[in-house]
Each structure stands twice: as structure tokens, then as C-alpha cells.
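Undergrad: Got a structure for you, structure-v4.json, holding JSON, C-alpha atoms and all ligand atoms.
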```json
[["chain", "number", "residue", "atom", "x", "y", "z"],
["A", 1, "MET", "CA", 0.00, 0.00, 0.00],
["A", 2, "ALA", "CA", 2.75, 2.41, -0.87],
["A", 3, "LYS", "CA", 0.40, 4.49, -2.95],
["A", 4, "ILE", "CA", -1.64, 5.49, 0.06],
["A", 5, "GLU", "CA", 1.42, 6.69, 1.94],
["A", 6, "ALA", "CA", 2.54, 8.60, -1.10],
["A", 7, "ALA", "CA", -0.85, 10.24, -1.31],
["A", 8, "TYR", "CA", -0.71, 11.23, 2.33],
["A", 9, "SER", "CA", 2.76, 12.70, 1.98],
["A", 10, "ARG", "CA", 1.57, 14.67, -1.01],
["A", 11, "ILE", "CA", -1.27, 16.22, 0.93],
["A", 12, "PHE", "CA", 0.19, 16.75, 4.38],
["A", 13, "LYS", "CA", 3.37, 18.48, 5.30],
["A", 14, "GLU", "CA", 5.85, 16.21, 6.96],
["A", 15, "VAL", "CA", 8.78, 16.78, 9.22],
["A", 16, "PHE", "CA", 12.21, 16.12, 7.83],
["A", 17, "VAL", "CA", 15.57, 15.98, 9.51],
["A", 18, "CYS", "CA", 18.74, 17.37, 7.99],
["A", 19, "LYS", "CA", 21.34, 14.67, 7.52],
["A", 20, "ARG", "CA", 24.17, 17.09, 8.08],
["A", 21, "CYS", "CA", 23.18, 19.10, 11.16],
["A", 22, "GLY", "CA", 20.04, 17.35, 12.36],
["A", 23, "ALA", "CA", 17.77, 20.37, 12.07],
["A", 24, "LYS", "CA", 14.04, 19.77, 11.74],
["A", 25, "ILE", "CA", 12.36, 21.14, 8.67],
["A", 26, "LYS", "CA", 8.66, 21.12, 7.92],
["A", 27, "ALA", "CA", 8.13, 20.67, 4.24],
["A", 28, "GLN", "CA", 6.17, 18.81, 1.64],
["A", 29, "SER", "CA", 7.84, 15.51, 0.84],
["A", 30, "ARG", "CA", 7.33, 16.17, -2.84],
["A", 31, "LYS", "CA", 9.38, 19.34, -2.69],
["A", 32, "VAL", "CA", 12.06, 17.60, -0.67],
["A", 33, "ALA", "CA", 12.26, 14.86, -3.27],
["A", 34, "GLU", "CA", 12.66, 17.50, -5.94],
["A", 35, "GLY", "CA", 15.46, 19.10, -3.99],
["A", 36, "LYS", "CA", 13.64, 22.40, -3.55],
["A", 37, "VAL", "CA", 13.78, 22.35, 0.22],
["A", 38, "ARG", "CA", 16.96, 23.36, 1.96],
["A", 39, "CYS", "CA", 18.05, 23.23, 5.55],
["A", 40, "ARG", "CA", 17.85, 26.60, 7.28],
["A", 41, "LYS", "CA", 21.15, 26.15, 9.06],
["A", 42, "CYS", "CA", 23.52, 24.52, 6.61],
["A", 43, "LYS", "CA", 21.61, 24.97, 3.33],
["A", 44, "SER", "CA", 21.86, 21.26, 2.68],
["A", 45, "THR", "CA", 19.27, 19.49, 0.60],
["A", 46, "ALA", "CA", 20.11, 16.13, 2.17],
["A", 47, "LEU", "CA", 17.00, 15.51, 4.24],
["A", 48, "ARG", "CA", 15.41, 12.39, 5.60],
["A", 49, "PRO", "CA", 11.83, 11.95, 6.79],
["A", 50, "LYS", "CA", 11.59, 11.94, 10.55],
["A", 51, "SER", "CA", 8.51, 9.79, 10.90],
["A", 52, "LYS", "CA", 8.95, 6.30, 9.56],
["A", 53, "LYS", "CA", 5.67, 4.53, 9.00],
["A", 54, "THR", "CA", 6.30, 0.85, 8.63],
["A", 55, "SER", "CA", 3.91, -2.02, 8.84],
["A", 56, "LYS", "CA", 6.41, -4.03, 10.79],
["A", 57, "GLY", "CA", 6.67, -2.73, 14.27],
["B", 101, "ZN", "ZN", 21.31, 21.22, 8.10]]
```
Could you rewrite the structure in this file as C-alpha cells?
Ligand SMILES: [Zn+2]
TA:
Amino acid sequence: MAKIEAAYSRIFKEVFVCKRCGAKIKAQSRKVAEGKVRCRKCKSTALRPKSKKTSKG
């Protein structure tokens, strides 16, 4: 059911964490994937989603 998660991430803004400095950034996952979102602190575009939703717990 990856499509549902993708749809959710398209609609709602998610929290991402900068891989370089660990800063939290609220942004749309679509924009992050396109590289349009930058970290405020270090200007890095290397971001990872903070909330991992996995079926296996
Ligand atoms: Zn950063």
C-alpha cells in the first residue's frame, strides 16, 4: 500500500531531519524529493523523513 502513503505525503506536510546538522524542517515531501527544500542552518538538501511509518513494528 505504498500508494496510500505517497498520497498522504503529497497532501500533508511532513517533518524532515537534515542529515548534516540534524535540524528539523517542515516541508512537503514532494518538494524535498525535488530538492527544492533546503536546511535553514547549513543549506543542505540532504533531508530524511523523521517519521517512519512501517507495517512491521
Ligand atoms: Zn542542516
Undergrad: Ligand ZN 101 (chain B): which residues are within 9 Å, counting all atoms listed in the file, as a ChimeraX atom specification?
TA: /A:17-25,38-47
Undergrad: Report the distance between CA of Lys26 in chain A and CA of Glu14 in chain A in Å, rounded to one decimal place.
TA: 5.7 Å
Undergrad: Mind pulling up the distance from CA of Ile4 in chain A to CA of Lys36 in chain A?
TA: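 That distance, rounded to one decimal, is 23.1 Å.
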Undergrad: In Å, how far is it from CA of Glu34 in chain A to CA of Lys50 in chain A?
TA: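 Computing it gives 17.4 Å between the two atoms.
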Undergrad: Could you work out an axis-aligned bounding box for all listed atoms of range 19-36 of chain A, with 4 Å added on each of the six sides, and give its centre and edge lengths in Å to one decimal, as AutoDock Vina command-line options?
TA:
```
--center_x 15.2 --center_y 18.5 --center_z 3.2 --size_x 26.0 --size_y 15.7 --size_z 26.3
```
Undergrad: Quick one: residues within 9 Å of Ala27 in chain A, only C-alpha atoms, excluding same-chain residues fewer than 3 positions away - as a list in words?
TA: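 The filter keeps Phe12, Lys13, Glu14, Val15, Phe16, Arg30, Lys31, Val32 and Val37 of chain A.
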